[in-house]
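Read the structure below first, then the notes.
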Amino acid sequence: GEHSGETVRVWVDGCYDLFHFGHANAIRQARGLFAGPVAVVAGVCSDASIAANKGPTATPEAERYAAVAACRWVDEVAEDAPYETQLAAIDSYRCAWCVHGDDITTMADGSDCYSEAKAAGRYKQFKRTQGVSTTELVGRILKMSDVQGPPVSSVSTFVATASRIAQFSSAREPAPSDRIVYVHGQFDLFHIGHIEFLKAARSRGDFLVVGIHDDATTNHIMGSTFPVMNLHERVLSVLQCRYVDDVIIGAPYKISDHVLTKAYKVDVVCHLRDAPSPLDVNGLDPYQIPKERGIFQEIDAPNSTMTTQTIISRILGQRQVY
Ligand code: CTP
């Protein structure tokens with residue numbers, strides 16, 4: 001029960017399309033509604049059930065299942081969860097409670113998805129995260145294809161606070177003997193390619209630090225109206241990932257001695273094999289220093305051909321349905 005010290009199993013379902021930090025914050029908050037140990041079971045709907053009730057998804061179900069599983073606050077993913085939350089599904093995962101954000105979720109016919117759980121007195125809710133949603137991210141991407149101009153992230157209405165960043169932080173500290181791995185990048189529209197790369201990098205050591213470039217650097221590297229998500233949104237997307245121990249906010253594009261020694265003593269710098277790594281503004285290799293120090297490693301990861309552009313192309317490819 002809720003007060004017995006036993007683990008409370010909590011069901012948090014959804015589509016989790018273009019898995020973003022609002023979704024991660026939902027799962028984090030779901031845990032926080034209960035005292036004592038909590039296990040979060042994230043129910044993730046299939047593509048077919050979402051298509052029948054809401055419309056097409058931008059990320060196929062296999063990627064949505066994997067992205068949710070990589071969230072640091074998720075204990076278990078229930079694949080192919082029903083769109084209308086049924087007590088039978090919650091019970092089959094031995095969950096006592098069903099939790100959702102304070103937005104109204106309805107079926108295609110307008111009925112409340114949570115009526116069964118509410119009637120049974122097993123429903124709780126938390127505050128939805130303002131300033132981000134799947135629809136809003138799709139909107140930014142559509143806008144980006146229409147205009148030439150400043151980064152689309154400038155249209156973000158998300159307000160980042162230090163307390164939110166602290167809530168998302170792993171708060172881990174490395175042990176003295178821990179092997180520290182460093183990677184860096186833009187991590188725009190955080191996706192399965194990023195997750196697999198971070199997982200592979202984490203496996204090269206004991207503590208993974210991720211450098212995230214600021215918006216101007218990202219715009220310089222990716223061009224056009226990138227980034228889609230601003231620095232702080234990208235920081236939260238990376239921090240919520242279970243393979244990440246810490247981030248460097250606004251890390252320099254050319255890896256400096258400071259980055260390798262001041263915050264953490266970095267033992268190895270990893271780069272995804274064959275991923276482009278353009279020269280910096282001075283025409284220098286961003287990995288020059290770690291290469292000279294013999295701590296540079298190219299690593300392989302599944303889905304290594306996935307990029308932020310893959311996500312954008314999919315969305316533009318189904319543009320007429322939005
Ligand atoms: N959620 C949230 N804050 C957001 C977006 C989603 O708290 N900005 C919560 C939802 O309330 C739900 C869970 O995340 O409890 C999974 O949401 P999903 O069904 O994927 O959410 P949508 O409401 O459709 O969110 P989005 O518009 O981002 O798709």
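Chains: A, B, ... in order of the structure tokens. Residues: from 1 per chain. Ligands: from 1, in order shown.
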
Query raised in the report: In segment 124-211 of chain A, what's alpha helix (DSSP H) per DSSP? Answer as a PyMOL selection string?
Result: chain A and resi 134-146+162-168+192-202

Could you save the residues just selected, with C-alpha atoms, as a compact mmCIF listing (two decimals), in the first residue's frame?
```
# COMPACT_ATOMS: atom_id res chain seq x y z
CA THR A 134 4.65 17.26 -29.59
CA THR A 135 2.29 19.46 -31.58
CA GLU A 136 4.28 22.56 -30.76
CA LEU A 137 7.56 20.90 -31.81
CA VAL A 138 5.98 19.80 -35.09
CA GLY A 139 4.84 23.42 -35.52
CA ARG A 140 8.40 24.67 -35.11
CA ILE A 141 9.61 22.19 -37.72
CA LEU A 142 6.92 23.22 -40.20
CA LYS A 143 7.76 26.87 -39.58
CA MET A 144 11.44 26.21 -40.10
CA SER A 145 10.80 24.84 -43.57
CA ASP A 146 8.86 28.00 -44.46
CA ALA A 162 17.80 26.38 -12.36
CA SER A 163 15.46 24.34 -10.18
CA ARG A 164 14.16 22.44 -13.23
CA ILE A 165 17.70 21.68 -14.31
CA ALA A 166 18.51 20.51 -10.77
CA GLN A 167 15.42 18.26 -10.77
CA PHE A 168 16.58 16.62 -13.99
CA ILE A 192 16.95 7.23 -30.74
CA GLY A 193 20.22 7.85 -32.60
CA HIS A 194 21.34 10.12 -29.76
CA ILE A 195 20.21 7.60 -27.15
CA GLU A 196 22.11 4.69 -28.72
CA PHE A 197 25.22 6.82 -29.06
CA LEU A 198 25.05 7.90 -25.40
CA LYS A 199 24.51 4.31 -24.32
CA ALA A 200 27.56 3.16 -26.31
CA ALA A 201 29.66 6.03 -24.94
CA ARG A 202 28.60 5.29 -21.36
```

*Residues at most 12 Å from Gly5 of chain A, counting only C-alpha atoms, excluding those fewer than 5 positions away in the same chain, as number ranges by chain?*
A: 34-38

May I have the residues from that selection written out with N, CA and C atoms, as a PDB file, in the first residue's frame?
```pdb
ATOM      1  N   PHE A  34       4.044  10.134  -4.779  1.00  0.00           N
ATOM      2  CA  PHE A  34       3.924   9.067  -3.780  1.00  0.00           C
ATOM      3  C   PHE A  34       5.132   9.066  -2.847  1.00  0.00           C
ATOM      4  N   ALA A  35       4.853   8.777  -1.581  1.00  0.00           N
ATOM      5  CA  ALA A  35       5.938   8.648  -0.613  1.00  0.00           C
ATOM      6  C   ALA A  35       6.520   7.243  -0.722  1.00  0.00           C
ATOM      7  N   GLY A  36       7.764   7.092  -0.370  1.00  0.00           N
ATOM      8  CA  GLY A  36       8.372   5.761  -0.373  1.00  0.00           C
ATOM      9  C   GLY A  36       8.750   5.316  -1.758  1.00  0.00           C
ATOM     10  N   PRO A  37       9.181   4.068  -1.869  1.00  0.00           N
ATOM     11  CA  PRO A  37       9.646   3.586  -3.169  1.00  0.00           C
ATOM     12  C   PRO A  37       8.516   3.493  -4.205  1.00  0.00           C
ATOM     13  N   VAL A  38       8.827   3.928  -5.412  1.00  0.00           N
ATOM     14  CA  VAL A  38       7.843   3.945  -6.503  1.00  0.00           C
ATOM     15  C   VAL A  38       8.457   3.251  -7.717  1.00  0.00           C
TER      16      VAL A  38
END
```

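For ligand 1, the neighbouring protein, DNA and RNA residues, which are those within 6 Å when only C-alpha atoms and all ligand atoms are counted, are Asp13, Gly14, Cys15, Tyr16, Asp17, Gly22, His23, Ala26, His100, Gly101, Asp103, Arg128, Thr129, Gln130, Val132, Ser133, Thr134 and Thr135 of chain A.
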
TODO: Per DSSP on the backbone, filter segment 65-292 of chain A down to the residues in strand (DSSP E) and report them as a PyMOL selection string.
DONE: chain A and resi 76-81+97-101+123-126+180-185+207-212+246-249+268-272

Which residues are close to Ala251 of chain A, i.e. within 6 Å by only C-alpha atoms, leaving aside same-chain residues fewer than 3 positions away? Reply as an mmCIF file with N, CA and C atoms, in the first residue's frame.
```cif
data_model
loop_
_atom_site.group_PDB
_atom_site.id
_atom_site.type_symbol
_atom_site.label_atom_id
_atom_site.label_comp_id
_atom_site.auth_asym_id
_atom_site.auth_seq_id
_atom_site.Cartn_x
_atom_site.Cartn_y
_atom_site.Cartn_z
ATOM 1 N N GLY A 211 28.797 17.350 -23.331
ATOM 2 C CA GLY A 211 28.887 18.776 -23.632
ATOM 3 C C GLY A 211 27.814 19.144 -24.644
ATOM 4 N N ILE A 212 27.096 20.226 -24.385
ATOM 5 C CA ILE A 212 26.024 20.645 -25.300
ATOM 6 C C ILE A 212 26.326 22.050 -25.794
ATOM 7 N N HIS A 213 26.403 22.206 -27.106
ATOM 8 C CA HIS A 213 26.776 23.491 -27.703
ATOM 9 C C HIS A 213 25.647 24.501 -27.600
ATOM 10 N N ILE A 248 27.698 19.556 -19.657
ATOM 11 C CA ILE A 248 28.341 20.871 -19.638
ATOM 12 C C ILE A 248 27.493 21.749 -20.544
#
```

Students should find that atom CA of Gly283 of chain A and atom CA of Val259 of chain A are spaced 19.6 Å
